[in-house]
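Text of run05.csv, listed as CSV, C-alpha atoms and all ligand atoms:
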```csv
chain,number,residue,atom,x,y,z
X,2,MET,CA,-24.8,23.1,-116.8
X,3,THR,CA,-24.1,20.2,-119.2
X,4,ALA,CA,-22.3,20.2,-122.5
X,5,ALA,CA,-25.5,20.3,-124.5
X,6,THR,CA,-26.3,23.8,-123.2
X,7,HIS,CA,-22.9,25.3,-124.0
X,8,ALA,CA,-22.6,27.9,-126.7
X,9,PRO,CA,-20.8,26.4,-129.8
X,10,THR,CA,-17.1,26.2,-129.3
X,11,PRO,CA,-15.4,29.1,-131.2
X,12,ALA,CA,-13.1,28.0,-134.1
X,13,VAL,CA,-9.4,28.0,-133.4
X,14,THR,CA,-7.2,27.0,-136.3
X,15,PRO,CA,-4.1,24.9,-135.4
X,16,ASP,CA,-1.7,27.7,-135.9
X,17,THR,CA,-3.7,30.2,-133.9
X,18,ALA,CA,-2.7,31.0,-130.3
X,19,PHE,CA,-5.3,30.5,-127.6
X,20,THR,CA,-6.2,34.0,-126.7
X,21,PRO,CA,-9.1,35.4,-124.6
X,22,GLY,CA,-11.0,36.3,-127.8
X,23,THR,CA,-10.7,32.9,-129.4
X,24,ALA,CA,-10.5,30.2,-126.8
X,25,ARG,CA,-12.7,28.8,-124.2
X,26,ILE,CA,-10.8,27.3,-121.3
X,27,GLY,CA,-12.1,24.3,-119.2
X,28,PHE,CA,-10.6,24.1,-115.7
X,29,ILE,CA,-11.0,21.1,-113.3
X,30,GLY,CA,-9.7,21.4,-109.8
X,31,LEU,CA,-10.5,24.7,-108.0
X,32,GLY,CA,-8.5,24.1,-104.8
X,33,ASN,CA,-5.7,26.2,-103.2
X,34,MET,CA,-3.9,26.5,-106.6
X,35,GLY,CA,-6.8,26.2,-109.1
X,36,SER,CA,-8.9,29.0,-107.4
X,37,GLY,CA,-6.2,31.6,-107.9
X,38,MET,CA,-5.3,30.4,-111.4
X,39,THR,CA,-8.9,30.5,-112.6
X,40,ARG,CA,-9.4,34.0,-111.1
X,41,ASN,CA,-6.4,35.2,-113.2
X,42,LEU,CA,-7.6,33.5,-116.4
X,43,GLN,CA,-11.0,35.2,-115.9
X,44,ALA,CA,-9.3,38.5,-115.2
X,45,ALA,CA,-7.4,38.2,-118.5
X,46,GLY,CA,-10.6,37.8,-120.3
X,47,PHE,CA,-10.8,34.0,-120.9
X,48,GLN,CA,-14.3,32.5,-120.9
X,49,LEU,CA,-14.2,29.6,-118.4
X,50,VAL,CA,-16.1,26.3,-118.0
X,51,VAL,CA,-15.3,24.8,-114.6
X,52,ASN,CA,-15.8,21.7,-112.4
X,53,ASP,CA,-14.7,20.5,-109.0
X,54,VAL,CA,-16.1,17.8,-106.7
X,55,ARG,CA,-16.8,20.7,-104.3
X,56,ARG,CA,-19.2,22.8,-106.3
X,57,GLU,CA,-19.0,25.6,-103.7
X,58,SER,CA,-15.4,26.3,-104.7
X,59,ALA,CA,-16.7,27.7,-108.0
X,60,ALA,CA,-19.1,30.3,-106.5
X,61,GLU,CA,-17.0,33.4,-107.2
X,62,LEU,CA,-16.1,32.3,-110.7
X,63,LEU,CA,-19.7,31.6,-111.6
X,64,ALA,CA,-20.7,35.0,-110.2
X,65,ASN,CA,-18.2,36.5,-112.5
X,66,GLY,CA,-19.5,34.8,-115.6
X,67,ALA,CA,-17.9,31.3,-115.7
X,68,GLU,CA,-20.0,28.3,-116.6
X,69,TRP,CA,-20.4,25.2,-114.5
X,70,ALA,CA,-20.2,21.7,-116.0
X,71,ASP,CA,-21.3,18.6,-114.2
X,72,SER,CA,-18.6,16.3,-115.3
X,73,ALA,CA,-15.1,16.3,-116.8
X,74,ALA,CA,-16.5,15.2,-120.1
X,75,ALA,CA,-18.9,18.1,-120.1
X,76,VAL,CA,-16.1,20.5,-119.3
X,77,ALA,CA,-14.1,19.1,-122.2
X,78,ALA,CA,-17.0,19.2,-124.6
X,79,GLY,CA,-17.5,22.9,-124.0
X,80,SER,CA,-13.8,23.9,-124.3
X,81,ASP,CA,-10.9,24.3,-126.7
X,82,VAL,CA,-8.4,23.7,-123.9
X,83,VAL,CA,-9.0,21.7,-120.7
X,84,ILE,CA,-6.7,22.4,-117.7
X,85,THR,CA,-6.5,20.1,-114.7
X,86,MET,CA,-5.1,21.1,-111.3
X,87,LEU,CA,-5.7,18.0,-109.2
X,88,PRO,CA,-4.1,16.6,-106.1
X,89,THR,CA,-2.5,13.3,-107.2
X,90,PRO,CA,-1.9,11.1,-110.3
X,91,LYS,CA,-4.9,8.9,-109.2
X,92,HIS,CA,-7.2,12.0,-109.4
X,93,VAL,CA,-5.7,13.0,-112.8
X,94,GLU,CA,-6.3,9.4,-114.1
X,95,THR,CA,-9.9,9.4,-113.0
X,96,VAL,CA,-10.7,12.8,-114.4
X,97,ALA,CA,-8.9,12.2,-117.7
X,98,LEU,CA,-9.6,8.5,-118.5
X,99,ALA,CA,-12.5,7.2,-116.5
X,100,PRO,CA,-16.0,7.0,-118.2
X,101,GLY,CA,-17.3,10.6,-118.2
X,102,GLY,CA,-13.8,11.9,-118.2
X,103,ILE,CA,-11.9,14.4,-120.4
X,104,LEU,CA,-11.2,12.0,-123.2
X,105,ASP,CA,-14.9,11.2,-123.5
X,106,GLY,CA,-15.8,14.9,-124.1
X,107,LEU,CA,-12.9,16.5,-125.8
X,108,ALA,CA,-13.5,17.3,-129.5
X,109,ASP,CA,-11.1,16.0,-132.1
X,110,GLY,CA,-8.0,18.3,-132.2
X,111,GLY,CA,-8.7,19.5,-128.6
X,112,THR,CA,-6.0,20.2,-126.1
X,113,TRP,CA,-5.5,18.9,-122.5
X,114,VAL,CA,-2.9,20.6,-120.2
X,115,ASP,CA,-2.2,18.9,-116.9
X,116,MET,CA,-0.8,21.4,-114.4
X,117,SER,CA,-0.9,19.1,-111.4
X,118,THR,CA,2.3,17.7,-109.9
X,119,SER,CA,2.0,14.3,-111.4
X,120,VAL,CA,3.7,11.6,-113.5
X,121,PRO,CA,3.7,11.0,-117.3
X,122,GLU,CA,1.9,7.6,-117.4
X,123,VAL,CA,-1.7,9.0,-117.5
X,124,ALA,CA,-0.8,11.7,-120.1
X,125,HIS,CA,0.9,9.0,-122.1
X,126,ARG,CA,-2.3,6.9,-122.2
X,127,VAL,CA,-4.4,9.9,-123.2
X,128,ARG,CA,-2.0,10.6,-126.0
X,129,GLU,CA,-2.2,7.0,-127.2
X,130,ALA,CA,-6.0,6.9,-127.0
X,131,GLY,CA,-6.4,10.3,-128.6
X,132,ALA,CA,-3.7,10.0,-131.3
X,133,GLY,CA,-6.2,9.2,-134.1
X,134,ARG,CA,-8.3,12.2,-133.1
X,135,GLY,CA,-5.5,14.8,-133.1
X,136,ILE,CA,-5.7,15.4,-129.4
X,137,ARG,CA,-2.9,17.5,-128.0
X,138,VAL,CA,-1.4,16.9,-124.5
X,139,LEU,CA,1.0,19.0,-122.5
X,140,ASP,CA,2.3,18.7,-118.9
X,141,ALA,CA,2.8,22.1,-117.3
X,142,PRO,CA,3.2,21.8,-113.5
X,143,VAL,CA,4.0,24.9,-111.5
X,144,SER,CA,6.0,26.4,-108.6
X,145,GLY,CA,5.2,29.4,-106.6
X,146,MET,CA,2.8,28.3,-103.8
X,147,SER,CA,-0.8,29.4,-103.5
X,148,VAL,CA,0.3,33.0,-103.2
X,149,GLY,CA,1.9,32.7,-106.7
X,150,ALA,CA,-1.3,31.2,-108.0
X,151,ALA,CA,-3.3,34.1,-106.5
X,152,ASN,CA,-1.1,36.9,-107.9
X,153,GLY,CA,-0.5,35.3,-111.3
X,154,MET,CA,3.3,34.9,-110.8
X,155,LEU,CA,3.7,31.1,-111.0
X,156,GLN,CA,6.7,29.5,-112.5
X,157,ILE,CA,5.5,27.0,-115.2
X,158,PHE,CA,7.6,24.1,-116.6
X,159,VAL,CA,6.1,22.8,-119.8
X,160,GLY,CA,6.7,19.4,-121.4
X,161,GLY,CA,5.4,18.7,-124.9
X,162,GLU,CA,5.7,19.9,-128.5
X,163,ALA,CA,7.0,23.4,-129.2
X,164,ALA,CA,4.0,24.4,-131.4
X,165,ASP,CA,1.6,23.4,-128.7
X,166,VAL,CA,3.6,25.4,-126.1
X,167,ALA,CA,3.5,28.4,-128.4
X,168,ARG,CA,-0.3,28.2,-128.8
X,169,LEU,CA,-0.8,28.0,-125.0
X,170,ARG,CA,1.6,30.9,-124.2
X,171,PRO,CA,-1.2,33.5,-123.7
X,172,VAL,CA,-3.0,31.1,-121.4
X,173,PHE,CA,0.2,30.4,-119.3
X,174,GLU,CA,1.0,34.1,-119.2
X,175,ALA,CA,-2.4,34.8,-117.6
X,176,MET,CA,-1.4,32.5,-114.7
X,177,GLY,CA,2.4,32.8,-114.5
X,178,ASP,CA,5.4,35.1,-114.7
X,179,PRO,CA,6.1,35.5,-118.4
X,180,ASP,CA,9.9,35.4,-117.7
X,181,ARG,CA,9.6,32.1,-115.9
X,182,ILE,CA,7.4,30.1,-118.3
X,183,GLN,CA,9.8,27.5,-119.6
X,184,HIS,CA,9.5,24.9,-122.3
X,185,VAL,CA,11.7,22.3,-120.6
X,186,GLY,CA,11.5,19.4,-123.1
X,187,GLY,CA,9.3,16.7,-124.5
X,188,HIS,CA,6.3,15.0,-122.9
X,189,GLY,CA,6.9,14.3,-119.2
X,190,ALA,CA,9.8,16.8,-118.9
X,191,GLY,CA,7.6,19.3,-117.1
X,192,TYR,CA,6.6,16.7,-114.4
X,193,ALA,CA,10.3,15.7,-113.9
X,194,VAL,CA,11.6,19.2,-113.5
X,195,LYS,CA,8.8,20.0,-111.0
X,196,LEU,CA,9.5,16.9,-108.9
X,197,MET,CA,13.2,17.7,-108.8
X,198,ILE,CA,12.5,21.3,-107.7
X,199,ASN,CA,10.3,20.1,-104.9
X,200,GLN,CA,12.7,17.5,-103.9
X,201,LEU,CA,15.6,20.0,-103.5
X,202,TRP,CA,13.4,22.5,-101.7
X,203,PHE,CA,12.1,20.0,-99.2
X,204,SER,CA,15.8,18.9,-98.7
X,205,HIS,CA,16.8,22.5,-98.0
X,206,LEU,CA,13.9,22.8,-95.5
X,207,VAL,CA,15.0,19.7,-93.5
X,208,ALA,CA,18.7,20.8,-93.6
X,209,THR,CA,17.8,24.3,-92.5
X,210,ALA,CA,15.7,23.0,-89.6
X,211,GLU,CA,18.6,20.9,-88.4
X,212,VAL,CA,21.1,23.7,-88.7
X,213,LEU,CA,18.9,26.3,-87.0
X,214,SER,CA,17.9,24.0,-84.2
X,215,THR,CA,21.5,22.9,-83.5
X,216,GLY,CA,22.9,26.5,-83.6
X,217,VAL,CA,20.2,27.8,-81.3
X,218,LYS,CA,20.8,25.0,-78.8
X,219,ALA,CA,24.5,25.8,-79.0
X,220,GLY,CA,23.6,29.3,-77.7
X,221,VAL,CA,23.6,31.4,-80.9
X,222,ASP,CA,20.9,33.9,-81.5
X,223,LEU,CA,18.5,32.7,-84.1
X,224,GLU,CA,18.5,35.8,-86.3
X,225,VAL,CA,22.3,36.2,-86.0
X,226,LEU,CA,22.8,32.6,-87.1
X,227,ARG,CA,20.3,33.0,-90.1
X,228,GLN,CA,22.0,36.2,-91.2
X,229,ALA,CA,25.4,34.5,-91.1
X,230,LEU,CA,24.1,31.7,-93.2
X,231,VAL,CA,22.6,34.1,-95.7
X,232,ALA,CA,25.9,35.9,-96.1
X,233,SER,CA,27.8,32.6,-96.5
X,234,PRO,CA,28.3,30.1,-99.3
X,235,ALA,CA,25.7,27.9,-97.5
X,236,ASN,CA,22.9,30.4,-98.3
X,237,SER,CA,19.7,29.1,-100.0
X,238,ASN,CA,16.5,30.6,-101.1
X,239,PHE,CA,14.9,28.7,-98.2
X,240,VAL,CA,17.1,30.1,-95.5
X,241,GLU,CA,17.1,33.6,-97.0
X,242,TYR,CA,13.3,34.0,-97.7
X,243,ASP,CA,11.0,31.0,-97.2
X,244,VAL,CA,11.9,30.1,-93.6
X,245,LEU,CA,10.8,33.6,-92.5
X,246,SER,CA,7.2,32.5,-92.8
X,247,ILE,CA,7.9,30.3,-89.7
X,248,LEU,CA,10.4,32.4,-87.9
X,249,GLU,CA,8.4,35.6,-88.1
X,250,HIS,CA,4.8,34.4,-88.3
X,251,GLY,CA,4.7,30.8,-87.1
X,252,ASP,CA,3.1,30.0,-90.5
X,253,TYR,CA,4.0,26.5,-91.9
X,254,ASP,CA,2.1,27.2,-95.2
X,255,GLU,CA,-1.2,25.3,-95.0
X,256,GLY,CA,-1.7,26.5,-98.6
X,257,PHE,CA,0.2,23.4,-99.5
X,258,ALA,CA,-0.9,20.4,-97.4
X,259,ILE,CA,1.8,18.0,-96.2
X,260,ALA,CA,-0.2,15.1,-97.6
X,261,LEU,CA,0.5,16.6,-101.1
X,262,ALA,CA,4.2,17.2,-100.2
X,263,CYS,CA,4.5,13.5,-99.2
X,264,LYS,CA,2.9,12.6,-102.5
X,265,ASP,CA,5.5,14.7,-104.4
X,266,LEU,CA,8.4,13.2,-102.4
X,267,GLY,CA,7.1,9.7,-103.1
X,268,LEU,CA,6.8,10.4,-106.8
X,269,SER,CA,10.3,11.9,-106.8
X,270,VAL,CA,11.8,8.8,-105.2
X,271,ASP,CA,9.8,6.6,-107.6
X,272,LEU,CA,11.2,8.6,-110.5
X,273,ALA,CA,14.8,8.1,-109.3
X,274,ARG,CA,14.1,4.4,-108.8
X,275,SER,CA,12.7,4.1,-112.3
X,276,VAL,CA,15.8,5.6,-113.9
X,277,GLY,CA,18.2,3.7,-111.7
X,278,VAL,CA,19.6,6.5,-109.5
X,279,PRO,CA,20.3,5.8,-105.8
X,280,VAL,CA,18.9,8.7,-103.8
X,281,GLU,CA,19.6,8.1,-100.1
X,282,LEU,CA,19.1,11.7,-99.1
X,283,SER,CA,15.8,12.1,-100.9
X,284,SER,CA,14.5,8.9,-99.3
X,285,LEU,CA,15.4,10.2,-95.8
X,286,VAL,CA,13.7,13.5,-96.5
X,287,GLU,CA,10.6,11.6,-97.6
X,288,GLN,CA,10.6,9.6,-94.4
X,289,LEU,CA,10.9,12.8,-92.3
X,290,TYR,CA,8.0,14.3,-94.2
X,291,ARG,CA,6.0,11.1,-93.6
X,292,ARG,CA,6.8,11.3,-89.9
X,293,ALA,CA,5.6,14.9,-89.7
X,294,ARG,CA,2.4,14.0,-91.6
X,295,ALA,CA,1.7,11.1,-89.2
X,296,LEU,CA,2.2,13.4,-86.2
X,297,TYR,CA,0.6,16.7,-87.3
X,298,GLY,CA,-2.1,15.4,-89.8
X,299,ASP,CA,-2.7,15.5,-93.5
X,300,ASN,CA,-3.7,19.1,-93.6
X,301,ALA,CA,-0.6,20.5,-91.8
X,302,GLY,CA,1.4,22.9,-93.8
X,303,GLU,CA,4.3,21.8,-96.1
X,304,MET,CA,6.9,23.3,-93.8
X,305,THR,CA,5.7,21.3,-90.7
X,306,PRO,CA,8.7,19.1,-90.7
X,307,VAL,CA,10.5,22.1,-89.1
X,308,LYS,CA,8.2,21.5,-86.1
X,309,LEU,CA,9.7,18.0,-85.7
X,310,TYR,CA,12.9,19.7,-84.7
X,311,GLU,CA,11.3,22.4,-82.7
X,312,ASP,CA,9.4,19.8,-80.7
X,313,ALA,CA,12.6,17.8,-80.3
X,314,ILE,CA,14.6,20.7,-78.8
X,315,GLY,CA,11.6,22.2,-76.9
X,316,VAL,CA,12.0,25.6,-78.6
X,317,SER,CA,9.9,27.4,-81.2
X,318,LEU,CA,12.2,28.9,-83.8
X,319,ARG,CA,10.8,32.5,-83.8
X,320,THR,CA,12.2,35.9,-84.3
X,321,ALA,CA,10.2,39.1,-84.0
X,322,ALA,CA,8.6,40.0,-87.3
X,323,PRO,CA,9.6,43.5,-88.5
X,324,ASP,CA,5.9,44.6,-88.5
X,325,THR,CA,5.4,43.1,-85.0
X,326,ALA,CA,8.5,44.9,-83.8
X,327,ALA,CA,7.3,48.1,-85.2
X,328,GLU,CA,3.9,47.7,-83.6
X,329,GLY,CA,5.5,47.0,-80.3
X,330,ALA,CA,7.8,50.0,-80.5
E,401,LIG,P1,-6.1,21.1,-103.4
E,401,LIG,O1,-6.3,19.8,-102.7
E,401,LIG,O2,-6.2,22.4,-102.6
E,401,LIG,O3,-7.1,21.3,-104.6
E,401,LIG,C1,-7.4,20.2,-105.5
E,401,LIG,C2,-8.9,20.4,-105.9
E,401,LIG,O4,-9.2,19.3,-106.8
E,401,LIG,C3,-9.9,20.4,-104.8
E,401,LIG,O5,-10.7,21.5,-104.9
E,401,LIG,C4,-10.7,19.1,-105.0
E,401,LIG,O6,-12.0,19.2,-104.6
E,401,LIG,C5,-10.6,18.9,-106.5
E,401,LIG,N1,-10.8,17.5,-107.0
E,401,LIG,C6,-10.3,16.4,-106.4
E,401,LIG,N2,-10.7,15.4,-107.2
E,401,LIG,C7,-11.5,15.8,-108.1
E,401,LIG,C8,-12.3,15.2,-109.2
E,401,LIG,N3,-12.3,13.9,-109.4
E,401,LIG,N4,-13.0,16.1,-110.0
E,401,LIG,C9,-12.9,17.4,-109.9
E,401,LIG,N5,-12.3,18.0,-108.9
E,401,LIG,C10,-11.6,17.2,-108.0
E,401,LIG,O7,-4.7,21.0,-104.0
E,401,LIG,P2,-3.7,22.2,-104.5
E,401,LIG,O8,-2.9,22.6,-103.4
E,401,LIG,O9,-4.5,23.2,-105.3
E,401,LIG,O10,-2.7,21.4,-105.5
E,401,LIG,C11,-3.1,21.0,-106.8
E,401,LIG,C12,-1.9,20.4,-107.5
E,401,LIG,O11,-0.9,21.4,-107.6
E,401,LIG,C13,-1.3,19.2,-106.7
E,401,LIG,O12,-0.8,18.3,-107.7
E,401,LIG,C14,-0.1,19.9,-106.0
E,401,LIG,O13,0.9,19.0,-105.7
E,401,LIG,C15,0.3,21.0,-107.0
E,401,LIG,N6,0.9,22.2,-106.4
E,401,LIG,C16,0.4,22.7,-105.2
E,401,LIG,C17,1.1,23.9,-104.7
E,401,LIG,C18,0.6,24.6,-103.5
E,401,LIG,O14,1.3,25.4,-102.9
E,401,LIG,N7,-0.6,24.3,-103.0
E,401,LIG,C19,2.2,24.4,-105.4
E,401,LIG,C20,2.7,23.9,-106.6
E,401,LIG,C21,2.0,22.7,-107.1
```
Could you render the structure from this file as structure tokens?
Amino acid sequence: MTAATHAPTPAVTPDTAFTPGTARIGFIGLGNMGSGMTRNLQAAGFQLVVNDVRRESAAELLANGAEWADSAAAVAAGSDVVITMLPTPKHVETVALAPGGILDGLADGGTWVDMSTSVPEVAHRVREAGAGRGIRVLDAPVSGMSVGAANGMLQIFVGGEAADVARLRPVFEAMGDPDRIQHVGGHGAGYAVKLMINQLWFSHLVATAEVLSTGVKAGVDLEVLRQALVASPANSNFVEYDVLSILEHGDYDEGFAIALACKDLGLSVDLARSVGVPVELSSLVEQLYRRARALYGDNAGEMTPVKLYEDAIGVSLRTAAPDTAAEGA
């Protein structure tokens, strides 16, 4: 469907929040994250206009009443708010600024929210180009993996003006955990917070892989070692919870491709460079991720760098999952 066939956009005054009854949401990027996010927006009652280069990714949404638009401009023309959830800054740039992009379709006073893990430059250009038209822009990247997107429990870091954040709150609450939707600062602050969270989590992952591999090779039982770490000052969310996906299920989380993890690490190191901070550790973690991507492929899971260590020591780091143990008993 094209913009011309959309019903007229409902009026939303500047001081009115975007609620299911008043706002039509455009959503571009229906991948691992966007598919769950749109399902939750739809479940909350928002009318959706969607687009993805893979039209088949919209099948379920369309069956449940969403509209399809053939271009980003057509999505924007039929929406009060356009959300993007795209792989890289390059994709965001194309969708926002290229001919037939969001800026071409968005009505004066319209709002664009980029929830991709990206960088401020594209949003900055959209703000500049749209300034005379009253176009509002927010960056609102997320944490919580594809499972958080599916169950509506994402953590959302929003950069932009407070009034815009307030208007978008019902939209964010449909996709995220209301207690962890945070206005973190001005334009670009959301992107920066998100990149720093990923950087630290990937660093925890590599450090944990080294420690578990070394301890196991030194003869310590894997679960005994992990429990000791959890009870110690060296505990982390990764060692307590996230690593269990590998240890118990051999699951390296293909819901987040290592190609995208490498993209995030590259952006994080670039950010540090641009603000003049030397980040030796982050650079090393980025290189390890790039090595794992080269070995295991673009679509390998974000936790695949642990496999570098498993392959080096010739041991898969596995404990019996509680459910498996119960089944075997
Ligand atoms: P994905 O590759 O699964 O999905 C991206 C979608 O965008 C795909 O469906 C693709 O077809 C579509 N797309 C690409 N170019 C397009 C274009 N020009 N027009 C329309 N659609 C286009 O990626 P994802 O895992 O959903 O991640 C999306 C963003 O969220 C990334 O920036 C990623 O870093 C971030 N993120 C991902 C996770 C995760 O666990 N997967 C967690 C937090 C943040």
By how many Å are atom CA of Thr23 of chain X and atom CA of Glu61 of chain X apart? 23.1 Å
Please provide as a list in words all residues within 10 Å of Ala262 of chain X, with the sequence filter that same-chain residues fewer than 4 positions apart are discarded (counting all atoms listed in the file). Thr118, Asn199, Gln200, Phe203, Phe257, Ala258, Leu266, Gly267, Leu268, Glu287, Tyr290, Arg291, Arg294, Asp299, Gly302, Glu303 and Met304 of chain X
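In terms of minimum interatomic distance to ligand LIG 401 (chain E), X:Asp254 ranks closest within X:Asp222, X:Asp254, X:Asp165, X:Asp140, counting only C-alpha atoms and all ligand atoms.
Ranking X:Gly110, X:Gly161, X:Pro142, X:Gly298 by their shortest atom-to-atom distance to Met197 of chain X, with all atoms listed in the file included, puts X:Pro142 first.
With atom C18 of ligand LIG 401 (chain E) on one side and atom CA of Asn52 of chain X on the other, the separation reads 18.9 Å.
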Please write out the residues within 6 Å of ligand LIG 401 (chain E) as a ChimeraX atom specification, counting all atoms listed in the file. /X:29-35,52-55,86-89,92,96,117-118,143-147,256-257,261
Counting all atoms listed in the file, figure out which residue out of X:Asn236, X:Arg128, X:Ala151, X:Ser283 gets nearest to Ile198 of chain X. X:Ser283
note - atom CA of Ala74 of chain X and atom CA of Leu107 of chain X are separated by 6.9 Å
Quick one: everything within 12 Å of Ala67 of chain X, counting all atoms listed in the file, minus sequence neighbours fewer than 6 positions away in the same chain. Send it as a list in words. Met2, His7, Arg25, Ile26, Gly27, Phe28, Thr39, Arg40, Leu42, Gln43, Ala44, Gly46, Phe47, Gln48, Leu49, Val50, Val51, Asn52, Ala59, Ala60, Glu61, Val76 and Gly79 of chain X
If you count all atoms listed in the file, which residues fall within 9 Å of Gly191 of chain X, apart from same-chain ones fewer than 4 positions away, as a ChimeraX atom specification? /X:139-143,157-161,183-187,195-196
Around (1.5, 9.0, -106.9), as given in the file, which residues come within 9 Å? Count all atoms listed in the file and list them as number ranges by chain. X: 89-91, 119-120, 264-265, 267-268, 271
Find the residues near segment 237-239 of chain X: any atom within 7 Å, counting only C-alpha atoms, skip ones fewer than 3 places away on the same chain, and give them as a list in words. His205, Leu206, Tyr242, Asp243 and Val244 of chain X
Closest of X:Val276, X:Met38, X:Met154, X:Leu318 to Leu248 of chain X, counting all atoms listed in the file, is X:Leu318
Of the candidates X:Thr17, X:Ser214, X:Asn300, X:Ser233, which shows the shortest atom-to-atom distance to Ile314 of chain X, using only C-alpha atoms? X:Ser214
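Between Val307 of chain X and the candidates X:Asn65, X:Asn41, X:Gln156, X:Ser246, the tightest atom-to-atom separation, counting all atoms listed in the file, involves X:Ser246.
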Please provide as number ranges by chain all residues within 9 Å of Glu224 of chain X, with the sequence filter that same-chain residues fewer than 3 positions apart are discarded (counting only C-alpha atoms). X: 221, 227-229, 248, 319-320
Place a sphere of radius 10 Å on (-15.2, 18.8, -123.6) in the file coordinates and name every protein, DNA or RNA residue with an atom inside or on its surface, counting all atoms listed in the file; give the answer as an MDAnalysis selection string. chainID X and resid 4 10 26:27 50 70 72:83 102:109 111:113
Using C-alpha atoms, can you export the residues from the last selection as a PDB file, in the frame of the given file?
```pdb
ATOM      1  CA  ALA X   4     -22.300  20.200-122.500  1.00  0.00           C
ATOM      2  CA  THR X  10     -17.100  26.200-129.300  1.00  0.00           C
ATOM      3  CA  ILE X  26     -10.800  27.300-121.300  1.00  0.00           C
ATOM      4  CA  GLY X  27     -12.100  24.300-119.200  1.00  0.00           C
ATOM      5  CA  VAL X  50     -16.100  26.300-118.000  1.00  0.00           C
ATOM      6  CA  ALA X  70     -20.200  21.700-116.000  1.00  0.00           C
ATOM      7  CA  SER X  72     -18.600  16.300-115.300  1.00  0.00           C
ATOM      8  CA  ALA X  73     -15.100  16.300-116.800  1.00  0.00           C
ATOM      9  CA  ALA X  74     -16.500  15.200-120.100  1.00  0.00           C
ATOM     10  CA  ALA X  75     -18.900  18.100-120.100  1.00  0.00           C
ATOM     11  CA  VAL X  76     -16.100  20.500-119.300  1.00  0.00           C
ATOM     12  CA  ALA X  77     -14.100  19.100-122.200  1.00  0.00           C
ATOM     13  CA  ALA X  78     -17.000  19.200-124.600  1.00  0.00           C
ATOM     14  CA  GLY X  79     -17.500  22.900-124.000  1.00  0.00           C
ATOM     15  CA  SER X  80     -13.800  23.900-124.300  1.00  0.00           C
ATOM     16  CA  ASP X  81     -10.900  24.300-126.700  1.00  0.00           C
ATOM     17  CA  VAL X  82      -8.400  23.700-123.900  1.00  0.00           C
ATOM     18  CA  VAL X  83      -9.000  21.700-120.700  1.00  0.00           C
ATOM     19  CA  GLY X 102     -13.800  11.900-118.200  1.00  0.00           C
ATOM     20  CA  ILE X 103     -11.900  14.400-120.400  1.00  0.00           C
ATOM     21  CA  LEU X 104     -11.200  12.000-123.200  1.00  0.00           C
ATOM     22  CA  ASP X 105     -14.900  11.200-123.500  1.00  0.00           C
ATOM     23  CA  GLY X 106     -15.800  14.900-124.100  1.00  0.00           C
ATOM     24  CA  LEU X 107     -12.900  16.500-125.800  1.00  0.00           C
ATOM     25  CA  ALA X 108     -13.500  17.300-129.500  1.00  0.00           C
ATOM     26  CA  ASP X 109     -11.100  16.000-132.100  1.00  0.00           C
ATOM     27  CA  GLY X 111      -8.700  19.500-128.600  1.00  0.00           C
ATOM     28  CA  THR X 112      -6.000  20.200-126.100  1.00  0.00           C
ATOM     29  CA  TRP X 113      -5.500  18.900-122.500  1.00  0.00           C
TER      30      TRP X 113
END
```
Output segment 98-107 of chain X as a compact mmCIF listing (two decimals), in the coordinates of the input, making sure N, CA and C atoms are there.
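This is the output file selection-v6.txt:
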```txt
# COMPACT_ATOMS: atom_id res chain seq x y z
N LEU X 98 -9.37 9.78 -117.79
CA LEU X 98 -9.60 8.50 -118.50
C LEU X 98 -10.82 7.73 -118.14
N ALA X 99 -11.37 7.97 -116.95
CA ALA X 99 -12.50 7.20 -116.50
C ALA X 99 -13.74 7.54 -117.43
N PRO X 100 -14.76 6.67 -117.47
CA PRO X 100 -16.00 7.00 -118.20
C PRO X 100 -16.51 8.37 -117.72
N GLY X 101 -16.87 9.24 -118.64
CA GLY X 101 -17.30 10.60 -118.20
C GLY X 101 -16.14 11.53 -118.01
N GLY X 102 -14.95 11.09 -118.40
CA GLY X 102 -13.80 11.90 -118.20
C GLY X 102 -13.44 12.77 -119.44
N ILE X 103 -12.30 13.46 -119.36
CA ILE X 103 -11.90 14.40 -120.40
C ILE X 103 -11.92 13.81 -121.79
N LEU X 104 -11.33 12.61 -121.86
CA LEU X 104 -11.20 12.00 -123.20
C LEU X 104 -12.54 11.71 -123.83
N ASP X 105 -13.54 11.48 -122.99
CA ASP X 105 -14.90 11.20 -123.50
C ASP X 105 -15.52 12.48 -124.12
N GLY X 106 -15.10 13.66 -123.63
CA GLY X 106 -15.80 14.90 -124.10
C GLY X 106 -15.01 15.72 -125.05
N LEU X 107 -13.69 15.61 -125.05
CA LEU X 107 -12.90 16.50 -125.80
C LEU X 107 -13.09 16.29 -127.35
```
